[in-house]
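*Asks:* run-v1.csv (CSV, N, CA and C atoms) pasted underneath:
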chain,number,residue,atom,x,y,z
A,676,MET,N,31.3,117.1,49.9
A,676,MET,CA,30.1,117.7,49.5
A,676,MET,C,29.0,116.6,49.1
A,677,ARG,N,29.5,115.6,48.4
A,677,ARG,CA,28.6,114.6,47.9
A,677,ARG,C,28.1,113.8,49.1
A,678,ASN,N,28.9,113.5,50.1
A,678,ASN,CA,28.5,112.8,51.3
A,678,ASN,C,27.5,113.6,52.1
A,679,ALA,N,27.7,114.9,52.2
A,679,ALA,CA,26.8,115.7,52.9
A,679,ALA,C,25.4,115.7,52.3
A,680,LEU,N,25.4,115.7,51.0
A,680,LEU,CA,24.1,115.6,50.3
A,680,LEU,C,23.3,114.3,50.5
A,681,ILE,N,24.0,113.2,50.5
A,681,ILE,CA,23.3,111.9,50.7
A,681,ILE,C,22.9,111.8,52.2
A,682,TYR,N,23.7,112.3,53.1
A,682,TYR,CA,23.3,112.2,54.5
A,682,TYR,C,22.1,113.2,54.8
A,683,THR,N,22.1,114.3,54.1
A,683,THR,CA,21.0,115.3,54.3
A,683,THR,C,19.7,114.6,53.7
A,684,LEU,N,19.8,113.9,52.6
A,684,LEU,CA,18.7,113.2,52.0
A,684,LEU,C,18.2,112.1,53.0
A,685,ALA,N,19.1,111.4,53.6
A,685,ALA,CA,18.7,110.4,54.6
A,685,ALA,C,18.0,111.0,55.8
A,686,VAL,N,18.4,112.1,56.3
A,686,VAL,CA,17.8,112.8,57.4
A,686,VAL,C,16.4,113.3,57.0
A,687,LEU,N,16.3,113.9,55.8
A,687,LEU,CA,15.0,114.3,55.3
A,687,LEU,C,14.0,113.2,55.2
A,688,LEU,N,14.5,112.1,54.6
A,688,LEU,CA,13.6,110.9,54.5
A,688,LEU,C,13.2,110.4,55.9
A,689,GLY,N,14.1,110.4,56.8
A,689,GLY,CA,13.7,110.0,58.2
A,689,GLY,C,12.7,110.9,58.8
A,690,LEU,N,12.9,112.2,58.6
A,690,LEU,CA,11.9,113.1,59.1
A,690,LEU,C,10.5,112.9,58.5
A,691,ALA,N,10.6,112.7,57.2
A,691,ALA,CA,9.3,112.4,56.4
A,691,ALA,C,8.6,111.1,57.0
A,692,ALA,N,9.4,110.1,57.3
A,692,ALA,CA,8.9,108.9,57.8
A,692,ALA,C,8.3,109.2,59.2
A,693,GLY,N,8.9,110.0,60.0
A,693,GLY,CA,8.4,110.3,61.3
A,693,GLY,C,7.1,111.1,61.2
A,694,ILE,N,7.0,112.1,60.3
A,694,ILE,CA,5.8,112.8,60.1
A,694,ILE,C,4.7,112.0,59.6
A,695,LEU,N,5.0,111.0,58.7
A,695,LEU,CA,4.1,110.1,58.2
A,695,LEU,C,3.5,109.2,59.3
A,696,GLU,N,4.3,108.8,60.2
A,696,GLU,CA,3.8,108.0,61.3
A,696,GLU,C,2.8,108.8,62.2
A,697,ILE,N,3.1,110.0,62.4
A,697,ILE,CA,2.3,110.9,63.3
A,697,ILE,C,1.0,111.2,62.6
A,698,THR,N,1.0,111.6,61.3
A,698,THR,CA,-0.2,112.1,60.7
A,698,THR,C,-1.1,110.9,60.3
A,699,ILE,N,-0.6,109.9,59.7
A,699,ILE,CA,-1.4,108.8,59.2
A,699,ILE,C,-1.7,107.8,60.3
A,700,ASN,N,-0.8,107.6,61.2
A,700,ASN,CA,-0.9,106.7,62.3
A,700,ASN,C,-1.1,105.2,61.8
A,701,ASP,N,-0.4,104.9,60.7
A,701,ASP,CA,-0.5,103.6,60.2
A,701,ASP,C,0.9,103.0,60.1
A,702,LEU,N,1.1,101.9,60.9
A,702,LEU,CA,2.5,101.4,61.0
A,702,LEU,C,2.9,100.7,59.7
A,703,LEU,N,2.0,100.1,58.9
A,703,LEU,CA,2.4,99.4,57.7
A,703,LEU,C,2.9,100.4,56.7
A,704,VAL,N,2.2,101.5,56.5
A,704,VAL,CA,2.6,102.6,55.5
A,704,VAL,C,4.0,103.1,55.9
A,705,THR,N,4.1,103.4,57.2
A,705,THR,CA,5.4,103.9,57.6
A,705,THR,C,6.6,102.9,57.4
A,706,ALA,N,6.3,101.7,57.7
A,706,ALA,CA,7.4,100.7,57.5
A,706,ALA,C,7.7,100.5,56.1
A,707,LEU,N,6.7,100.6,55.2
A,707,LEU,CA,7.0,100.5,53.8
A,707,LEU,C,7.7,101.7,53.3
A,708,PHE,N,7.4,102.9,53.8
A,708,PHE,CA,8.1,104.1,53.4
A,708,PHE,C,9.6,104.0,53.8
A,709,VAL,N,9.8,103.5,55.0
A,709,VAL,CA,11.2,103.4,55.5
A,709,VAL,C,12.0,102.3,54.7
A,710,MET,N,11.3,101.3,54.3
A,710,MET,CA,11.9,100.2,53.5
A,710,MET,C,12.3,100.8,52.1
A,711,ILE,N,11.4,101.5,51.5
A,711,ILE,CA,11.7,102.1,50.1
A,711,ILE,C,12.8,103.2,50.2
A,712,ALA,N,12.7,104.0,51.3
A,712,ALA,CA,13.8,105.0,51.4
A,712,ALA,C,15.2,104.4,51.6
A,713,THR,N,15.3,103.4,52.5
A,713,THR,CA,16.6,102.8,52.7
A,713,THR,C,17.0,102.0,51.5
A,714,MET,N,16.0,101.5,50.7
A,714,MET,CA,16.4,100.7,49.5
A,714,MET,C,17.1,101.7,48.5
A,715,VAL,N,16.5,102.9,48.4
A,715,VAL,CA,17.1,103.9,47.4
A,715,VAL,C,18.5,104.3,47.9
A,716,LEU,N,18.6,104.5,49.2
A,716,LEU,CA,19.9,105.0,49.8
A,716,LEU,C,20.9,103.8,49.7
A,717,GLY,N,20.5,102.6,49.9
A,717,GLY,CA,21.4,101.5,49.8
A,717,GLY,C,21.8,101.2,48.3
A,718,PHE,N,21.0,101.6,47.4
A,718,PHE,CA,21.3,101.5,46.0
A,718,PHE,C,22.3,102.5,45.6
A,719,VAL,N,22.1,103.8,46.1
A,719,VAL,CA,23.0,104.9,45.7
A,719,VAL,C,24.4,104.7,46.4
A,720,ARG,N,24.4,104.4,47.7
A,720,ARG,CA,25.6,104.2,48.4
A,720,ARG,C,25.6,102.8,49.1
A,721,PRO,N,26.1,101.8,48.4
A,721,PRO,CA,26.0,100.5,49.0
A,721,PRO,C,27.0,100.1,50.1
A,722,GLN,N,28.0,101.0,50.3
A,722,GLN,CA,29.0,100.7,51.3
A,722,GLN,C,28.4,101.0,52.7
A,723,ARG,N,28.5,100.1,53.6
A,723,ARG,CA,28.0,100.2,55.0
A,723,ARG,C,26.5,100.6,55.0
A,724,ALA,N,25.7,99.7,54.4
A,724,ALA,CA,24.3,100.0,54.3
A,724,ALA,C,23.5,100.1,55.6
A,725,TRP,N,24.1,99.6,56.6
A,725,TRP,CA,23.4,99.6,57.9
A,725,TRP,C,23.2,101.1,58.4
A,726,ARG,N,24.0,102.0,57.9
A,726,ARG,CA,23.9,103.4,58.4
A,726,ARG,C,22.6,104.0,57.9
A,727,TRP,N,22.1,103.6,56.8
A,727,TRP,CA,20.9,104.2,56.2
A,727,TRP,C,19.7,103.8,57.1
A,728,THR,N,19.8,102.5,57.6
A,728,THR,CA,18.7,102.1,58.5
A,728,THR,C,18.7,102.9,59.8
A,729,LEU,N,19.9,103.1,60.3
A,729,LEU,CA,19.9,103.9,61.6
A,729,LEU,C,19.5,105.3,61.4
A,730,ILE,N,19.9,106.0,60.3
A,730,ILE,CA,19.6,107.4,60.1
A,730,ILE,C,18.1,107.6,59.8
A,731,VAL,N,17.5,106.7,59.0
A,731,VAL,CA,16.1,106.9,58.6
A,731,VAL,C,15.2,106.4,59.7
A,732,ALA,N,15.4,105.2,60.2
A,732,ALA,CA,14.4,104.6,61.0
A,732,ALA,C,14.4,105.2,62.4
A,733,VAL,N,15.5,105.8,62.9
A,733,VAL,CA,15.5,106.4,64.2
A,733,VAL,C,14.5,107.5,64.4
A,734,PHE,N,14.1,108.2,63.3
A,734,PHE,CA,13.2,109.3,63.4
A,734,PHE,C,11.8,108.9,63.6
A,735,VAL,N,11.4,107.7,63.4
A,735,VAL,CA,10.0,107.2,63.6
A,735,VAL,C,9.7,107.1,65.1
A,736,PRO,N,10.5,106.4,65.9
A,736,PRO,CA,10.1,106.4,67.3
A,736,PRO,C,10.4,107.8,68.0
A,737,LEU,N,11.4,108.6,67.5
A,737,LEU,CA,11.6,109.9,68.0
A,737,LEU,C,10.4,110.8,67.7
A,738,ALA,N,9.8,110.7,66.5
A,738,ALA,CA,8.6,111.5,66.2
A,738,ALA,C,7.4,111.1,67.0
A,739,ARG,N,7.3,109.8,67.3
A,739,ARG,CA,6.2,109.3,68.1
A,739,ARG,C,6.3,109.8,69.6
A,740,ILE,N,7.6,109.8,70.1
A,740,ILE,CA,7.8,110.3,71.5
A,740,ILE,C,7.6,111.8,71.5
A,741,GLY,N,8.1,112.5,70.5
A,741,GLY,CA,7.9,113.9,70.4
A,741,GLY,C,6.5,114.3,70.3
A,742,ALA,N,5.7,113.6,69.6
A,742,ALA,CA,4.3,113.9,69.5
A,742,ALA,C,3.6,113.6,70.8
A,743,TYR,N,4.0,112.6,71.5
A,743,TYR,CA,3.5,112.3,72.8
A,743,TYR,C,3.8,113.4,73.9
A,744,LEU,N,5.0,113.9,73.8
A,744,LEU,CA,5.5,114.9,74.8
A,744,LEU,C,5.0,116.3,74.5
A,745,PHE,N,5.0,116.7,73.2
A,745,PHE,CA,4.8,118.1,72.8
A,745,PHE,C,3.5,118.4,72.1
A,746,LEU,N,3.0,117.5,71.4
A,746,LEU,CA,1.7,117.7,70.7
A,746,LEU,C,0.5,117.1,71.3
A,747,THR,N,0.7,116.6,72.5
A,747,THR,CA,-0.4,115.9,73.3
A,747,THR,C,-1.1,114.9,72.5
A,748,GLN,N,-0.4,114.2,71.7
A,748,GLN,CA,-1.0,113.1,70.9
A,748,GLN,C,-0.6,111.8,71.7
A,749,HIS,N,-1.5,111.4,72.5
A,749,HIS,CA,-1.2,110.3,73.5
A,749,HIS,C,-1.2,109.0,72.7
A,750,SER,N,-0.1,108.3,73.0
A,750,SER,CA,0.1,107.0,72.4
A,750,SER,C,0.3,106.0,73.6
A,751,ASP,N,-0.1,104.7,73.3
A,751,ASP,CA,0.2,103.7,74.2
A,751,ASP,C,1.7,103.4,74.1
A,752,ARG,N,2.2,102.7,75.2
A,752,ARG,CA,3.6,102.3,75.1
A,752,ARG,C,3.9,101.3,74.0
A,753,ALA,N,2.8,100.5,73.7
A,753,ALA,CA,2.9,99.6,72.6
A,753,ALA,C,3.2,100.3,71.2
A,754,GLN,N,2.5,101.4,71.0
A,754,GLN,CA,2.7,102.1,69.8
A,754,GLN,C,4.1,102.7,69.6
A,755,ILE,N,4.7,103.1,70.7
A,755,ILE,CA,6.0,103.6,70.7
A,755,ILE,C,7.0,102.5,70.4
A,756,TRP,N,6.8,101.3,71.0
A,756,TRP,CA,7.6,100.2,70.6
A,756,TRP,C,7.4,99.7,69.2
A,757,GLU,N,6.2,99.7,68.7
A,757,GLU,CA,5.8,99.3,67.4
A,757,GLU,C,6.5,100.2,66.3
A,758,SER,N,6.7,101.5,66.7
A,758,SER,CA,7.3,102.4,65.8
A,758,SER,C,8.7,102.0,65.4
A,759,ALA,N,9.3,101.2,66.3
A,759,ALA,CA,10.7,100.8,66.0
A,759,ALA,C,10.7,99.6,65.0
A,760,PHE,N,9.5,99.2,64.5
A,760,PHE,CA,9.5,98.2,63.5
A,760,PHE,C,10.2,98.6,62.2
A,761,GLY,N,10.3,99.9,62.0
A,761,GLY,CA,11.0,100.5,60.9
A,761,GLY,C,12.4,100.0,60.8
A,762,PHE,N,13.0,99.7,61.9
A,762,PHE,CA,14.4,99.2,61.9
A,762,PHE,C,14.5,97.8,61.1
A,763,LEU,N,13.5,97.0,61.3
A,763,LEU,CA,13.5,95.7,60.5
A,763,LEU,C,13.3,95.9,59.0
A,764,THR,N,12.3,96.7,58.7
A,764,THR,CA,12.0,96.9,57.3
A,764,THR,C,13.1,97.8,56.6
A,765,GLY,N,13.7,98.7,57.4
A,765,GLY,CA,14.8,99.5,57.0
A,765,GLY,C,16.1,98.6,56.6
A,766,THR,N,16.3,97.6,57.5
A,766,THR,CA,17.5,96.8,57.2
A,766,THR,C,17.2,95.9,56.0
A,767,ALA,N,16.0,95.4,55.8
A,767,ALA,CA,15.7,94.7,54.6
A,767,ALA,C,15.8,95.5,53.4
A,768,GLY,N,15.3,96.8,53.5
A,768,GLY,CA,15.4,97.7,52.3
A,768,GLY,C,16.8,98.1,52.0
A,769,ALA,N,17.6,98.4,52.9
A,769,ALA,CA,19.0,98.8,52.7
A,769,ALA,C,19.8,97.7,52.0
A,770,TYR,N,19.7,96.5,52.5
A,770,TYR,CA,20.5,95.4,51.9
A,770,TYR,C,19.8,94.9,50.5
A,771,ALA,N,18.5,95.1,50.4
A,771,ALA,CA,18.0,94.9,49.0
A,771,ALA,C,18.5,95.9,48.0
A,772,GLY,N,18.7,97.1,48.4
A,772,GLY,CA,19.3,98.1,47.6
A,772,GLY,C,20.7,97.8,47.2
A,773,VAL,N,21.4,97.3,48.2
A,773,VAL,CA,22.8,96.8,47.9
A,773,VAL,C,22.8,95.7,46.9
A,774,LEU,N,21.9,94.7,47.1
A,774,LEU,CA,21.9,93.6,46.1
A,774,LEU,C,21.4,94.1,44.7
A,775,GLY,N,20.5,95.1,44.7
A,775,GLY,CA,20.1,95.6,43.4
A,775,GLY,C,21.2,96.3,42.7
A,776,ARG,N,22.0,97.1,43.5
A,776,ARG,CA,23.2,97.8,42.9
A,776,ARG,C,24.2,96.8,42.4
A,777,LEU,N,24.4,95.7,43.1
A,777,LEU,CA,25.4,94.6,42.7
A,777,LEU,C,24.9,94.0,41.4
A,778,GLY,N,23.6,93.7,41.3
A,778,GLY,CA,23.0,93.2,40.1
A,778,GLY,C,23.2,94.1,38.9
A,779,VAL,N,22.9,95.4,39.1
A,779,VAL,CA,23.0,96.3,38.0
A,779,VAL,C,24.5,96.5,37.6
A,780,ASP,N,25.4,96.5,38.5
A,780,ASP,CA,26.8,96.6,38.2
A,780,ASP,C,27.3,95.4,37.5
A,781,THR,N,26.8,94.2,37.9
A,781,THR,CA,27.3,93.0,37.2
A,781,THR,C,26.7,92.9,35.8
A,782,LEU,N,25.5,93.2,35.6
A,782,LEU,CA,24.8,93.1,34.3
A,782,LEU,C,25.3,94.1,33.3
A,783,PHE,N,25.6,95.3,33.7
A,783,PHE,CA,25.9,96.3,32.8
A,783,PHE,C,27.4,96.8,32.9
A,784,ARG,N,28.2,95.9,33.3
A,784,ARG,CA,29.7,96.2,33.4
A,784,ARG,C,30.2,96.2,32.0
A,785,THR,N,31.1,97.1,31.7
A,785,THR,CA,31.7,97.1,30.4
A,785,THR,C,32.9,96.1,30.4
A,786,GLU,N,33.4,95.8,29.2
A,786,GLU,CA,34.5,94.8,29.0
A,786,GLU,C,35.7,95.2,29.8
A,787,GLU,N,36.1,96.5,29.7
A,787,GLU,CA,37.4,96.9,30.3
A,787,GLU,C,37.3,96.9,31.9
A,788,LYS,N,36.1,96.9,32.4
A,788,LYS,CA,35.9,96.9,33.9
A,788,LYS,C,35.7,95.5,34.4
A,789,LYS,N,35.6,94.5,33.6
A,789,LYS,CA,35.4,93.1,34.1
A,789,LYS,C,36.6,92.7,34.8
A,790,PRO,N,36.5,91.9,35.9
A,790,PRO,CA,37.6,91.5,36.6
A,790,PRO,C,38.4,90.4,35.9
A,791,VAL,N,39.7,90.4,36.1
A,791,VAL,CA,40.6,89.5,35.5
A,791,VAL,C,40.8,88.3,36.4
A,792,HIS,N,40.5,87.1,35.8
A,792,HIS,CA,40.7,85.9,36.6
A,792,HIS,C,42.1,85.4,36.5
A,793,HIS,N,42.7,85.1,37.6
A,793,HIS,CA,44.0,84.6,37.7
A,793,HIS,C,44.0,83.2,38.2
A,794,GLY,N,45.0,82.4,37.7
A,794,GLY,CA,45.1,81.0,38.2
A,794,GLY,C,44.1,80.1,37.4
A,795,GLY,N,43.8,79.0,38.0
A,795,GLY,CA,42.8,78.1,37.4
A,795,GLY,C,43.5,77.2,36.4
A,796,THR,N,42.7,77.0,35.3
A,796,THR,CA,43.2,76.1,34.2
A,796,THR,C,43.9,76.8,33.1
A,797,GLU,N,44.1,78.1,33.2
A,797,GLU,CA,44.8,78.8,32.1
A,797,GLU,C,46.2,78.4,32.0
A,798,SER,N,46.8,78.4,30.8
A,798,SER,CA,48.2,78.0,30.6
A,798,SER,C,49.0,79.2,31.0
A,799,ARG,N,50.2,78.9,31.5
A,799,ARG,CA,51.1,80.0,31.9
A,799,ARG,C,52.2,80.2,30.9
A,800,ARG,N,52.5,81.4,30.6
A,800,ARG,CA,53.6,81.7,29.7
A,800,ARG,C,54.8,82.1,30.5
A,801,ASN,N,55.9,81.5,30.1
A,801,ASN,CA,57.2,81.8,30.7
A,801,ASN,C,58.1,82.6,29.9
Represent the supplied structure as structure tokens.

*Replies:*
Amino acid sequence: MRNALIYTLAVLLGLAAGILEITINDLLVTALFVMIATMVLGFVRPQRAWRWTLIVAVFVPLARIGAYLFLTQHSDRAQIWESAFGFLTGTAGAYAGVLGRLGVDTLFRTEEKKPVHHGGTESRRN
């Protein structure tokens, strides 16, 4: 259930990014939205962060192509290729979220959850 919720959130954020691309028609705003969305998803679920980039960023070119085909919003081929720029910012955002989660986990870890270091210069008891 928890996985379905996070995947649903990712799809909704991807749809929002696609709608943002079509309505505002500004690549920078869309790329920043994709970066922030994947950063949040990467922070919440840091395992396999690349999946958030795929799920969120794929909706931007799909929305651009869909608007071209069905809404008669004519775009140049360059605009369709530029809409894939969200994959770059999405990757940066997802892994920045992972690093943010790692930093928070490291800084606010309790004593009983700290890793035990084995070996090294410690004396051994027999």

*Asks:* Suppose you want the space between atom CA of A:Ala712 and atom CA of A:Leu688; what is it in Å?

*Replies:*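 Calculated distance between atom CA of A:Ala712 and atom CA of A:Leu688 is 6.7 Å.
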
*Asks:* Write out as a ChimeraX atom specification which residues come within 10 Å of A:Leu763 when counting only C-alpha atoms, dropping same-chain ones fewer than 5 positions away.

*Replies:* /A:706,709-710,728,732,768

*Asks:* Go ahead and write the selection's residues with N, CA and C atoms as a CSV table (one decimal), in the frame of the given file.

*Replies:*
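Writing done, so here's result_37.csv:
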chain,number,residue,atom,x,y,z
A,706,ALA,N,6.3,101.7,57.7
A,706,ALA,CA,7.4,100.7,57.5
A,706,ALA,C,7.7,100.5,56.1
A,709,VAL,N,9.8,103.5,55.0
A,709,VAL,CA,11.2,103.4,55.5
A,709,VAL,C,12.0,102.3,54.7
A,710,MET,N,11.3,101.3,54.3
A,710,MET,CA,11.9,100.2,53.5
A,710,MET,C,12.3,100.8,52.1
A,728,THR,N,19.8,102.5,57.6
A,728,THR,CA,18.7,102.1,58.5
A,728,THR,C,18.7,102.9,59.8
A,732,ALA,N,15.4,105.2,60.2
A,732,ALA,CA,14.4,104.6,61.0
A,732,ALA,C,14.4,105.2,62.4
A,768,GLY,N,15.3,96.8,53.5
A,768,GLY,CA,15.4,97.7,52.3
A,768,GLY,C,16.8,98.1,52.0

*Asks:* So what do you get for atom CA of A:Leu746 versus atom CA of A:Arg726, distance-wise?

*Replies:* 29.1 Å

*Asks:* Given the choices A:Ala685, A:Ala767, A:Thr705, A:Ala759, which gets closest to A:Leu737 if the distance is worked out from all atoms listed in the file?

*Replies:*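 Distance minimum relative to A:Leu737 lands on A:Ala759.
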
*Asks:* Which of these residues is nearest to A:Pro736, using only C-alpha atoms: A:Val715, A:Leu684, A:Leu695, A:Tyr770?

*Replies:*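 Counting only C-alpha atoms, the residue closest to A:Pro736 is A:Leu695.
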
*Asks:* Figure out the distance between atom CA of A:Val704 and atom CA of A:Val731, please, to one decimal in Å.

*Replies:* 14.5 Å

*Asks:* Apply DSSP to the backbone of this structure and, from stretch 714-784 of chain A, keep only the residues in alpha helix (DSSP H); write these as a ChimeraX atom specification.

*Replies:* /A:714-719,725-732,734-745,752-757,761-782

*Asks:* What lies within 8 Å of A:Glu757 using all atoms listed in the file, ignoring chain neighbours under 4 positions off, as a PyMOL selection string?

*Replies:* chain A and resi 702+735-736+751-753+761-762

*Asks:* Select, from A:Phe718, A:Arg723, A:Val733, A:Trp756, the residue with the minimum atom-to-atom distance to A:Leu774, counting only N, CA and C atoms.

*Replies:*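 Looking only at the distances to A:Leu774, the closest residue turns out to be A:Phe718.
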
*Asks:* Considering all atoms listed in the file, can you say which of A:Ile711, A:Ala738, A:Leu777, A:Ile730 comes closest to A:Gly693?

*Replies:*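 Among A:Ile711, A:Ala738, A:Leu777, A:Ile730, it is A:Ala738 that comes nearest to A:Gly693.
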
*Asks:* Give the answer as one residue: which of A:Thr698, A:Thr713, A:Thr747, A:Asn678 has the shortest atom-to-atom distance to A:Ala769, using all atoms listed in the file?

*Replies:*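 Smallest distance to A:Ala769 is found for A:Thr713.
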
*Asks:* Show me, as a list in words, the residues that have an atom within 9 Å of A:Val719 when counting only C-alpha atoms, minus same-chain residues fewer than 6 positions from it.

*Replies:*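 Result of the neighbour search: Ile681, Gly772, Val773 and Arg776 of chain A.
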
*Asks:* Counting only C-alpha atoms, which residue out of A:Arg739, A:Thr785, A:Ala724, A:Arg677 sits closest to A:Leu690?

*Replies:*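 Closest to A:Leu690, using only C-alpha atoms: A:Arg739.
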